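Participant: Below is the file input.txt, with compact mmCIF, C-alpha atoms.
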```txt
# COMPACT_ATOMS: atom_id res chain seq x y z
CA MET P 227 9.16 -25.85 -4.20
CA GLU P 228 9.88 -23.27 -1.52
CA LYS P 229 12.17 -20.32 -1.91
CA THR P 230 13.88 -18.60 1.02
CA TYR P 231 15.02 -14.99 0.97
CA THR P 232 17.35 -13.98 3.79
CA TYR P 233 17.78 -10.40 5.02
CA GLN P 234 21.00 -10.13 3.00
CA GLU P 235 19.38 -11.53 -0.13
CA ILE P 236 16.46 -9.11 0.16
CA ALA P 237 18.89 -6.20 0.54
CA ALA P 238 20.72 -7.32 -2.62
CA LEU P 239 17.60 -7.59 -4.81
CA PRO P 240 17.04 -5.12 -7.68
CA LYS P 241 15.05 -2.20 -6.30
CA ALA P 242 11.84 -2.71 -8.34
CA PHE P 243 11.79 -6.46 -7.61
CA ARG P 244 12.23 -5.85 -3.87
CA ARG P 245 9.54 -3.15 -3.91
CA ASN P 246 7.00 -5.54 -5.45
CA LEU P 247 8.03 -8.49 -3.29
CA ILE P 248 7.94 -6.71 0.07
CA ASN P 249 4.75 -4.81 -0.78
CA CYS P 250 3.08 -8.22 -1.23
CA ILE P 251 4.19 -10.03 1.92
CA SER P 252 1.88 -8.19 4.29
CA GLY P 253 -1.06 -9.93 2.57
CA PHE P 254 -4.33 -8.58 1.22
CA LYS P 255 -5.00 -4.95 2.02
CA SER P 256 -7.82 -2.49 2.41
CA LEU P 257 -8.39 -0.23 -0.61
CA CYS P 258 -9.55 3.31 0.11
CA LEU P 259 -9.51 6.75 -1.44
CA VAL P 260 -8.57 9.49 1.02
CA GLY P 261 -10.43 12.76 0.42
CA THR P 262 -9.07 16.04 1.77
CA ALA P 263 -9.22 19.76 1.07
CA ASP P 264 -6.60 22.47 1.57
CA SER P 265 -7.09 25.81 3.31
CA ALA P 266 -8.32 27.36 0.03
CA GLY P 267 -10.83 24.55 -0.46
CA LEU P 268 -8.98 22.76 -3.29
CA THR P 269 -9.85 19.08 -3.06
CA ASN P 270 -7.34 16.25 -3.09
CA LEU P 271 -7.72 12.51 -3.48
CA SER P 272 -5.19 9.77 -2.91
CA LEU P 273 -5.32 5.99 -2.97
CA VAL P 274 -4.13 4.13 0.12
CA SER P 275 -3.79 0.45 0.98
CA SER P 276 -2.61 0.92 4.54
CA VAL P 277 -5.86 1.51 6.42
CA ILE P 278 -6.23 -0.48 9.65
CA HIS P 279 -8.80 -0.89 12.40
CA VAL P 280 -7.55 0.77 15.60
CA GLY P 281 -10.56 0.54 17.90
CA ALA P 282 -14.36 0.37 18.04
CA ASN P 283 -15.07 2.52 21.11
CA PRO P 284 -14.15 5.25 20.44
CA PRO P 285 -14.32 4.38 16.73
CA LEU P 286 -10.73 4.81 15.46
CA VAL P 287 -9.16 4.10 12.09
CA GLY P 288 -5.46 4.33 11.24
CA MET P 289 -3.50 4.69 8.01
CA LEU P 290 0.20 4.73 7.25
CA MET P 291 1.53 7.28 4.78
CA ARG P 292 4.83 7.88 3.05
CA PRO P 293 5.37 11.64 3.27
CA HIS P 294 8.59 11.54 1.27
CA VAL P 295 6.91 9.67 -1.61
CA VAL P 296 3.50 10.38 -3.11
CA PRO P 297 0.58 11.66 -1.02
CA ARG P 298 2.23 14.64 0.66
CA HIS P 299 -0.72 16.94 -0.04
CA THR P 300 -2.96 14.53 1.82
CA ILE P 301 -0.97 14.78 5.06
CA GLU P 302 -0.64 18.56 4.77
CA ASN P 303 -4.38 18.87 4.25
CA ILE P 304 -5.24 16.58 7.16
CA GLU P 305 -2.98 18.52 9.50
CA THR P 306 -4.35 21.85 8.27
CA ARG P 307 -8.05 21.07 8.13
CA LEU P 308 -8.03 18.27 10.75
CA HIS P 309 -10.58 16.27 8.79
CA TYR P 310 -10.52 13.71 5.97
CA THR P 311 -12.63 10.97 4.42
CA LEU P 312 -11.97 7.33 3.60
CA ASN P 313 -13.95 5.88 0.71
CA HIS P 314 -14.06 2.19 -0.21
CA VAL P 315 -13.17 1.36 -3.81
CA SER P 316 -15.48 -0.88 -5.86
CA ALA P 317 -15.05 -2.57 -9.24
CA GLU P 318 -16.83 0.40 -10.87
CA ILE P 319 -14.18 2.92 -9.76
CA TYR P 320 -10.90 1.06 -9.23
CA GLN P 321 -9.43 2.33 -12.49
CA ALA P 322 -10.23 5.94 -11.61
CA ALA P 323 -8.94 5.29 -8.08
CA HIS P 324 -5.66 3.91 -9.45
CA GLN P 325 -5.29 6.94 -11.71
CA SER P 326 -5.52 9.22 -8.65
CA SER P 327 -2.10 7.91 -7.61
CA ALA P 328 -0.49 9.78 -10.53
CA ARG P 329 1.55 12.86 -9.58
CA TYR P 330 -0.91 15.65 -10.22
CA PRO P 331 0.31 19.25 -9.94
CA LYS P 332 -0.77 20.89 -6.67
CA GLU P 333 -3.33 23.10 -8.48
CA VAL P 334 -5.11 20.17 -10.17
CA SER P 335 -7.56 18.20 -8.04
CA GLU P 336 -7.42 14.44 -8.47
CA PHE P 337 -11.22 14.60 -8.58
CA THR P 338 -10.96 16.54 -11.85
CA GLY P 339 -8.18 14.31 -13.10
CA THR P 340 -10.05 11.07 -12.49
CA GLY P 341 -13.66 12.08 -13.08
CA LEU P 342 -14.73 11.09 -9.56
CA THR P 343 -17.28 13.34 -7.88
CA PRO P 344 -16.64 15.25 -4.63
CA LEU P 345 -19.51 15.09 -2.16
CA PHE P 346 -19.81 17.14 1.03
CA THR P 347 -21.95 16.72 4.14
CA ASP P 348 -22.36 19.19 6.99
CA LYS P 349 -20.45 16.89 9.35
CA VAL P 350 -17.00 16.81 7.78
CA PRO P 351 -15.12 19.62 5.97
CA ALA P 352 -13.50 17.21 3.50
CA PRO P 353 -14.79 15.71 0.26
CA TYR P 354 -16.27 12.24 0.07
CA VAL P 355 -16.19 10.30 -3.20
CA ALA P 356 -19.82 10.20 -4.34
CA GLU P 357 -19.27 6.97 -6.32
CA SER P 358 -17.87 5.09 -3.32
CA PRO P 359 -20.22 2.55 -1.70
CA LEU P 360 -18.91 2.98 1.88
CA ARG P 361 -17.75 6.39 3.09
CA ILE P 362 -16.18 7.38 6.39
CA GLY P 363 -15.73 10.95 7.63
CA LEU P 364 -12.95 11.36 10.18
CA ARG P 365 -11.43 13.87 12.57
CA PHE P 366 -7.63 13.74 12.92
CA VAL P 367 -6.65 12.51 16.39
CA GLU P 368 -2.91 11.78 16.47
CA ARG P 369 0.15 10.95 14.40
CA HIS P 370 3.17 8.76 15.03
CA GLN P 371 6.35 8.78 12.98
CA ILE P 372 8.05 5.46 12.37
CA ILE P 373 11.70 6.06 13.22
CA ALA P 374 13.02 3.35 10.91
CA ASN P 375 11.77 4.96 7.69
CA GLN P 376 9.94 8.23 8.52
CA THR P 377 6.51 6.96 7.49
CA ILE P 378 3.62 8.42 9.44
CA LEU P 379 0.72 6.66 11.11
CA ILE P 380 -2.35 8.88 11.14
CA VAL P 381 -5.19 8.00 13.50
CA GLY P 382 -8.66 9.47 13.09
CA GLU P 383 -11.98 9.23 14.88
CA VAL P 384 -15.11 8.33 12.89
CA LEU P 385 -17.52 11.27 12.76
CA GLU P 386 -19.82 9.85 10.12
CA LEU P 387 -20.33 6.56 8.30
CA VAL P 388 -22.48 6.13 5.18
CA LEU P 389 -23.15 2.78 3.52
CA PRO P 390 -25.92 0.69 1.90
CA GLU P 391 -28.43 -0.17 4.60
CA ALA P 392 -28.95 -3.68 3.23
CA ALA P 393 -25.24 -4.50 3.73
CA VAL P 394 -25.47 -4.15 7.52
CA GLY P 395 -26.50 -7.34 9.32
CA GLU P 396 -28.52 -7.62 12.51
CA ASP P 397 -25.30 -8.04 14.49
CA GLY P 398 -23.64 -4.99 12.91
CA PHE P 399 -21.46 -7.03 10.55
CA ILE P 400 -21.04 -5.31 7.18
CA ASP P 401 -21.14 -7.55 4.10
CA LEU P 402 -18.27 -6.03 2.13
CA GLU P 403 -19.16 -8.18 -0.86
CA GLN P 404 -22.55 -6.53 -0.96
CA THR P 405 -20.99 -3.06 -0.74
CA GLY P 406 -18.67 -4.17 -3.56
CA SER P 407 -15.50 -3.21 -1.69
CA LEU P 408 -12.32 -4.53 -3.32
CA THR P 409 -9.02 -5.61 -1.83
CA VAL P 410 -5.52 -4.97 -3.19
CA SER P 411 -2.26 -6.88 -3.07
CA GLY P 412 1.16 -5.42 -3.72
CA LEU P 413 1.18 -2.07 -5.49
CA ASP P 414 -1.23 -2.67 -8.32
CA SER P 415 -3.25 -5.90 -8.12
CA TYR P 416 -7.00 -5.55 -7.54
CA HIS P 417 -9.19 -8.39 -6.29
CA ARG P 418 -12.80 -9.13 -5.50
CA THR P 419 -13.56 -11.60 -2.73
CA GLU P 420 -15.74 -14.61 -2.07
CA ARG P 421 -16.71 -15.46 1.48
CA ILE P 422 -15.73 -18.92 2.70
CA ASP P 423 -17.11 -18.80 6.21
CA ARG P 424 -17.98 -16.85 9.32
CA LEU P 425 -16.85 -18.54 12.50
CA PRO P 426 -18.23 -18.20 16.03
CA TYR P 427 -16.18 -16.71 18.88
CA ALA P 428 -13.36 -19.19 19.65
CA LYS P 429 -13.38 -20.84 23.07
CA TYR P 430 -10.63 -22.73 24.88
CA ARG P 431 -11.41 -26.44 25.02
CA PRO P 432 -9.10 -28.15 27.56
CA GLU P 433 -9.87 -31.57 26.13
CA ALA P 434 -8.83 -30.56 22.62
CA MET F 198 -30.91 2.82 0.28
CA GLU F 199 -28.11 4.47 2.20
CA LYS F 200 -27.81 4.56 5.95
CA THR F 201 -25.83 7.23 7.83
CA TYR F 202 -24.38 6.73 11.28
CA THR F 203 -23.22 9.89 13.04
CA TYR F 204 -20.60 9.97 15.80
CA GLN F 205 -23.37 10.21 18.39
CA GLU F 206 -25.32 7.34 16.84
CA ILE F 207 -22.22 5.13 16.77
CA ALA F 208 -21.56 5.93 20.45
CA ALA F 209 -25.14 4.94 21.31
CA LEU F 210 -25.08 1.56 19.50
CA PRO F 211 -25.18 -1.68 21.50
CA LYS F 212 -21.59 -2.70 22.22
CA ALA F 213 -21.54 -5.93 20.16
CA PHE F 214 -23.21 -4.26 17.17
CA ARG F 215 -20.72 -1.37 17.26
CA ARG F 216 -17.80 -3.79 17.60
CA ASN F 217 -18.86 -5.68 14.46
CA LEU F 218 -19.72 -2.53 12.50
CA ILE F 219 -16.51 -0.62 13.21
CA ASN F 220 -14.32 -3.69 12.78
CA CYS F 221 -15.70 -3.94 9.23
CA ILE F 222 -15.33 -0.35 8.00
CA SER F 223 -11.57 -0.47 7.53
CA GLY F 224 -12.16 -2.92 4.66
CA PHE F 225 -10.54 -6.25 3.85
CA LYS F 226 -7.58 -7.17 6.02
CA SER F 227 -4.47 -9.26 6.02
CA LEU F 228 -4.78 -12.56 7.89
CA CYS F 229 -1.68 -13.79 9.71
CA LEU F 230 -0.69 -16.01 12.60
CA VAL F 231 1.97 -14.46 14.83
CA GLY F 232 4.43 -16.99 16.23
CA THR F 233 6.49 -16.20 19.34
CA ALA F 234 8.28 -17.99 22.17
CA ASP F 235 8.79 -16.93 25.78
CA SER F 236 12.08 -16.93 27.70
CA ALA F 237 11.53 -20.60 28.65
CA GLY F 238 10.89 -21.56 25.04
CA LEU F 239 7.12 -22.07 25.34
CA THR F 240 5.60 -21.26 21.98
CA ASN F 241 2.64 -18.94 21.43
CA LEU F 242 0.43 -18.32 18.43
CA SER F 243 -2.11 -15.57 17.87
CA LEU F 244 -4.27 -14.51 14.95
CA VAL F 245 -3.99 -10.91 13.74
CA SER F 246 -5.76 -8.92 11.04
CA SER F 247 -3.84 -5.69 11.52
CA VAL F 248 -0.62 -6.34 9.58
CA ILE F 249 0.46 -3.49 7.29
CA HIS F 250 3.27 -2.77 4.89
CA VAL F 251 5.63 -0.15 6.35
CA GLY F 252 8.50 -0.09 3.89
CA ALA F 253 10.44 -2.11 1.32
CA ASN F 254 14.00 -0.87 1.96
CA PRO F 255 14.67 -1.71 4.73
CA PRO F 256 11.91 -4.33 4.61
CA LEU F 257 9.52 -3.36 7.41
CA VAL F 258 6.16 -4.77 8.47
CA GLY F 259 3.84 -3.35 11.13
CA MET F 260 0.99 -4.76 13.20
CA LEU F 261 -1.37 -3.21 15.70
CA MET F 262 -2.14 -5.09 18.91
CA ARG F 263 -4.61 -4.67 21.77
CA PRO F 264 -2.55 -5.35 24.89
CA HIS F 265 -5.53 -4.96 27.21
CA VAL F 266 -7.56 -7.53 25.26
CA VAL F 267 -6.35 -10.84 23.88
CA PRO F 268 -2.81 -11.38 22.64
CA ARG F 269 -0.86 -10.08 25.62
CA HIS F 270 1.54 -13.04 25.61
CA THR F 271 2.48 -12.17 22.05
CA ILE F 272 3.65 -8.66 22.93
CA GLU F 273 5.48 -9.86 26.05
CA ASN F 274 7.26 -12.51 24.01
CA ILE F 275 8.22 -10.10 21.23
CA GLU F 276 9.67 -7.62 23.71
CA THR F 277 11.51 -10.38 25.59
CA ARG F 278 12.88 -12.38 22.67
CA LEU F 279 12.90 -9.52 20.11
CA HIS F 280 11.83 -11.86 17.33
CA TYR F 281 8.55 -13.15 15.92
CA THR F 282 7.07 -14.69 12.81
CA LEU F 283 4.10 -13.80 10.60
CA ASN F 284 2.45 -16.68 8.76
CA HIS F 285 -0.20 -16.29 6.06
CA VAL F 286 -3.41 -18.24 6.63
CA SER F 287 -4.80 -20.42 3.84
CA ALA F 288 -8.15 -22.21 3.42
CA GLU F 289 -6.54 -25.38 4.83
CA ILE F 290 -5.74 -23.79 8.19
CA TYR F 291 -8.19 -20.92 8.78
CA GLN F 292 -10.27 -22.94 11.24
CA ALA F 293 -7.22 -23.86 13.30
CA ALA F 294 -6.02 -20.25 13.01
CA HIS F 295 -9.38 -18.96 14.27
CA GLN F 296 -9.24 -21.38 17.21
CA SER F 297 -5.86 -19.92 18.24
CA SER F 298 -7.74 -16.75 19.23
CA ALA F 299 -9.32 -18.61 22.19
CA ARG F 300 -7.99 -17.68 25.63
CA TYR F 301 -5.52 -20.45 26.28
CA PRO F 302 -3.88 -20.65 29.71
CA LYS F 303 -0.31 -19.32 29.71
CA GLU F 304 1.14 -22.85 30.07
CA VAL F 305 -0.71 -24.25 27.03
CA SER F 306 0.76 -23.43 23.62
CA GLU F 307 -1.75 -22.51 20.95
CA PHE F 308 0.23 -24.83 18.69
CA THR F 309 -0.84 -27.75 20.87
CA GLY F 310 -4.37 -26.41 21.16
CA THR F 311 -4.89 -26.00 17.43
CA GLY F 312 -2.82 -28.85 16.02
CA LEU F 313 -0.62 -26.51 13.99
CA THR F 314 3.07 -27.41 13.77
CA PRO F 315 5.89 -25.17 15.05
CA LEU F 316 8.85 -24.91 12.69
CA PHE F 317 12.20 -23.32 13.51
CA THR F 318 15.01 -22.09 11.30
CA ASP F 319 18.45 -20.94 12.40
CA LYS F 320 17.65 -17.33 11.45
CA VAL F 321 14.81 -16.49 13.85
CA PRO F 322 14.32 -17.62 17.49
CA ALA F 323 10.54 -17.82 17.11
CA PRO F 324 8.29 -20.55 15.73
CA TYR F 325 6.92 -20.48 12.21
CA VAL F 326 3.70 -22.28 11.37
CA ALA F 327 4.78 -25.21 9.19
CA GLU F 328 1.39 -25.41 7.44
CA SER F 329 1.48 -21.73 6.38
CA PRO F 330 2.24 -21.08 2.69
CA LEU F 331 4.08 -17.76 3.23
CA ARG F 332 6.21 -17.24 6.32
CA ILE F 333 8.07 -14.15 7.49
CA GLY F 334 10.68 -14.06 10.25
CA LEU F 335 11.11 -10.65 11.89
CA ARG F 336 13.29 -8.75 14.33
CA PHE F 337 11.47 -6.24 16.57
CA VAL F 338 12.45 -2.67 15.66
CA GLU F 339 10.16 -0.23 17.44
CA ARG F 340 6.77 0.23 19.12
CA HIS F 341 4.35 3.13 19.27
CA GLN F 342 1.42 3.40 21.65
CA ILE F 343 -1.76 4.96 20.32
CA ILE F 344 -2.75 7.54 22.93
CA ALA F 345 -6.47 7.39 22.13
CA ASN F 346 -6.92 3.73 23.11
CA GLN F 347 -3.56 2.29 24.27
CA THR F 348 -3.19 -0.06 21.33
CA ILE F 349 0.39 -0.72 20.27
CA LEU F 350 1.91 -0.60 16.82
CA ILE F 351 4.81 -3.03 16.55
CA VAL F 352 7.25 -2.62 13.68
CA GLY F 353 9.63 -5.38 12.66
CA GLU F 354 12.34 -5.89 10.08
CA VAL F 355 12.17 -8.91 7.77
CA LEU F 356 15.03 -11.32 8.48
CA GLU F 357 13.72 -14.19 6.42
CA LEU F 358 10.94 -14.84 3.92
CA VAL F 359 9.84 -18.30 2.78
CA LEU F 360 7.21 -18.91 0.11
CA PRO F 361 6.38 -21.07 -2.92
CA GLU F 362 8.91 -20.24 -5.63
CA ALA F 363 6.26 -20.47 -8.36
CA ALA F 364 4.20 -17.70 -6.73
CA VAL F 365 6.94 -15.09 -7.27
CA GLY F 366 6.75 -13.31 -10.64
CA GLU F 367 9.65 -12.00 -12.69
CA ASP F 368 8.99 -8.52 -11.31
CA GLY F 369 8.90 -9.69 -7.68
CA PHE F 370 5.10 -9.58 -7.44
CA ILE F 371 3.74 -12.42 -5.29
CA ASP F 372 0.56 -14.10 -6.51
CA LEU F 373 -1.30 -14.41 -3.19
CA GLU F 374 -3.98 -16.51 -4.85
CA GLN F 375 -1.33 -19.05 -5.76
CA THR F 376 0.01 -19.07 -2.18
CA GLY F 377 -3.62 -19.52 -1.07
CA SER F 378 -3.52 -16.57 1.35
CA LEU F 379 -6.95 -15.55 2.64
CA THR F 380 -8.33 -12.19 3.66
CA VAL F 381 -10.63 -11.40 6.59
CA SER F 382 -13.35 -8.81 7.19
CA GLY F 383 -14.67 -7.80 10.56
CA LEU F 384 -13.86 -10.14 13.41
CA ASP F 385 -14.75 -13.50 11.93
CA SER F 386 -15.45 -13.53 8.18
CA TYR F 387 -12.96 -15.35 5.97
CA HIS F 388 -12.69 -14.79 2.23
CA ARG F 389 -10.74 -16.04 -0.75
CA THR F 390 -10.02 -13.63 -3.58
CA GLU F 391 -10.22 -13.46 -7.35
CA ARG F 392 -7.97 -11.07 -9.22
CA ILE F 393 -9.71 -8.53 -11.43
CA ASP F 394 -6.71 -6.71 -12.82
CA ARG F 395 -3.17 -5.48 -12.44
CA LEU F 396 -2.70 -1.89 -13.55
CA PRO F 397 0.44 -0.14 -14.79
CA TYR F 398 2.04 2.73 -12.86
CA ALA F 399 -0.35 5.71 -13.06
CA LYS F 400 0.89 8.79 -14.95
CA TYR F 401 -0.47 12.33 -14.93
CA ARG F 402 -2.12 13.15 -18.28
CA PRO F 403 -2.68 16.91 -18.53
CA GLU F 404 -5.20 16.45 -21.35
CA ALA F 405 -7.37 14.07 -19.30
```
Written as structure tokens, that's how I'd like the structure from this file.
Facilitator:
Amino acid sequence: MEKTYTYQEIAALPKAFRRNLINCISGFKSLCLVGTADSAGLTNLSLVSSVIHVGANPPLVGMLMRPHVVPRHTIENIETRLHYTLNHVSAEIYQAAHQSSARYPKEVSEFTGTGLTPLFTDKVPAPYVAESPLRIGLRFVERHQIIANQTILIVGEVLELVLPEAAVGEDGFIDLEQTGSLTVSGLDSYHRTERIDRLPYAKYRPEA
Amino acid sequence: MEKTYTYQEIAALPKAFRRNLINCISGFKSLCLVGTADSAGLTNLSLVSSVIHVGANPPLVGMLMRPHVVPRHTIENIETRLHYTLNHVSAEIYQAAHQSSARYPKEVSEFTGTGLTPLFTDKVPAPYVAESPLRIGLRFVERHQIIANQTILIVGEVLELVLPEAAVGEDGFIDLEQTGSLTVSGLDSYHRTERIDRLPYAKYRPEA
């Protein structure tokens, strides 16, 4: 049986129910840890499910953040240091990743709090997560504030990409089941995936 | 063995390889059909993998579109009619959904071309996909153009939400495996999911 929620009914829902419901309707989401450092070098880690592909050439990745809710340090650090990392979350580290969303005091790094290991390269002045199977180093490019609720879209350019060589196909496709990358739904539900199919480029068939 | 791609190496990759590679690095993505209609009532359908949660109160959903590539009609229709629908894609309809990404002539509706069924309610002047298990009707709220590559973020407010009643938990969480919603990676790889875990709200533990 189908259930319909109108705009008015959604507005009248209990807050926690609405939060879960609406966080689920956008579908399955990317699951990444964002690594940053502040001007003193203190590392910060936060879990995001709002990463999106923006473009391949130049290579651009976006993420939406809620500055008035949790990961405020992350935005401050990105705008100060102009660099950050995105790190895919696998089954081995999703519990530690989830724990990074707790409200740590500013002086405590989420790396320390979760037991994940910061990793630096000479390309990006921000910490990667050593345990992550696919790691992206980015340079901050632009931000856009959503007027309706003050969330912020951050767009970055890929400076460096590290992943298991065997997961990259001849055509450049990355097998995210081989990397072990998970997906998330709602606020707290973690999923592995199983590929059904890859389909060829769709063509218009007038006779169809 | 790990492979590193630097910014310069990514820029030097063959175009198709880079397109596949970079489209994969953002992780697993939402898979939705966008339903719109033009001023004459001709329906349009396009497949998007860039839907993100923007906020729960008011209920806001975003999606990023490439106006200079495929789904130009979709943006024109949204800005003309100010309404659109997002429809989750299940295993039953992913092949038809994929086919909707072909370049249909303006006068041919992708509904006709793919065999999917337009469905209207009195709340939203845009077509839903009748075969979709979870359907969202939206009112256009705002747009933001990404300076770096001219893509457009469209934000809409949820006017109506229709889904299987049994998939909604007591806490508002939607079981997207029960709705049958799929996820996509890269440009063309379709996946079902298997839940590993739901975790409770993370708390800071000073002793940890």
Participant: Give the residues of chain P that lie within 6 Å of chain F; count only C-alpha atoms, and format the answer as a ChimeraX atom specification.
Facilitator: /P:227-233,243,245-248,250,252-256,278-279,282,325,328-330,385-391,397-400,409,414-425,428-430
Participant: Take atom CA of F:Leu239 and atom CA of F:Ser287 and report the distance between them in Å, one decimal.
Facilitator: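 Between atom CA of F:Leu239 and atom CA of F:Ser287 the gap is 24.6 Å.
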Participant: Atom CA of P:Thr300 and atom CA of F:Val245 are how many Å apart?
Facilitator: 28.1 Å
Participant: Grab the atom CA of P:Val350 to atom CA of P:Thr311 distance for me, in Å with one decimal place.
Facilitator: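 Atom CA of P:Val350 sits 8.0 Å away from atom CA of P:Thr311.
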Participant: If you count only C-alpha atoms, which residues fall within 10 Å of P:Ile301, apart from same-chain ones fewer than 4 positions away, as a list in words?
Facilitator: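 Surrounding residues, per the criterion: Thr262, Met291, Arg292, Pro293, Pro297, Glu305, Thr306, Arg307, Leu308, Tyr310, Ile378 and Ile380 of chain P.
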Participant: Between F:Ile275, F:Arg269, F:Pro322, F:Glu289, single out the one closest to F:Gly238, counting all atoms listed in the file.
Facilitator: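 Of F:Ile275, F:Arg269, F:Pro322, F:Glu289, the one nearest F:Gly238, counting all atoms listed in the file, is F:Pro322.
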Participant: Given the choices P:Phe366, P:Ser358, P:Ser335, P:Ser265, which gets closest to P:Thr405 if the distance is worked out from only C-alpha atoms?
Facilitator: P:Ser358
Participant: So, counting all atoms listed in the file, which residue among P:His309, P:Gly261, P:Glu333, P:Ala266 is closest to P:Ala356?
Facilitator: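 Of P:His309, P:Gly261, P:Glu333, P:Ala266, the one nearest P:Ala356 is P:Gly261, counting all atoms listed in the file.
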Participant: Take stretch 210-221 of chain F, model N, CA, C and O atoms, and hand the result over as a compact mmCIF listing (two decimals), in the coordinates of the input.
Facilitator:
```txt
# COMPACT_ATOMS: atom_id res chain seq x y z
N LEU F 210 -24.76 2.92 19.96
CA LEU F 210 -25.08 1.56 19.50
C LEU F 210 -24.81 0.53 20.61
O LEU F 210 -23.93 0.75 21.45
N PRO F 211 -25.54 -0.59 20.60
CA PRO F 211 -25.18 -1.68 21.50
C PRO F 211 -23.73 -2.10 21.24
O PRO F 211 -23.28 -2.11 20.09
N LYS F 212 -23.03 -2.47 22.30
CA LYS F 212 -21.59 -2.70 22.22
C LYS F 212 -21.20 -3.74 21.14
O LYS F 212 -20.28 -3.51 20.35
N ALA F 213 -21.90 -4.87 21.11
CA ALA F 213 -21.54 -5.93 20.16
C ALA F 213 -21.79 -5.50 18.72
O ALA F 213 -20.99 -5.80 17.82
N PHE F 214 -22.89 -4.77 18.50
CA PHE F 214 -23.21 -4.26 17.17
C PHE F 214 -22.12 -3.28 16.72
O PHE F 214 -21.61 -3.36 15.60
N ARG F 215 -21.75 -2.35 17.60
CA ARG F 215 -20.72 -1.37 17.26
C ARG F 215 -19.38 -2.06 16.97
O ARG F 215 -18.67 -1.71 16.04
N ARG F 216 -19.07 -3.07 17.76
CA ARG F 216 -17.80 -3.79 17.60
C ARG F 216 -17.74 -4.43 16.20
O ARG F 216 -16.75 -4.31 15.48
N ASN F 217 -18.82 -5.08 15.79
CA ASN F 217 -18.86 -5.68 14.46
C ASN F 217 -18.81 -4.61 13.37
O ASN F 217 -18.03 -4.71 12.41
N LEU F 218 -19.62 -3.58 13.53
CA LEU F 218 -19.72 -2.53 12.50
C LEU F 218 -18.36 -1.87 12.27
O LEU F 218 -17.87 -1.79 11.13
N ILE F 219 -17.75 -1.39 13.36
CA ILE F 219 -16.51 -0.62 13.21
C ILE F 219 -15.34 -1.51 12.79
O ILE F 219 -14.45 -1.08 12.07
N ASN F 220 -15.37 -2.77 13.23
CA ASN F 220 -14.32 -3.69 12.78
C ASN F 220 -14.40 -3.95 11.28
O ASN F 220 -13.42 -4.43 10.69
N CYS F 221 -15.55 -3.69 10.66
CA CYS F 221 -15.70 -3.94 9.23
C CYS F 221 -15.32 -2.74 8.36
O CYS F 221 -14.97 -2.91 7.19
```
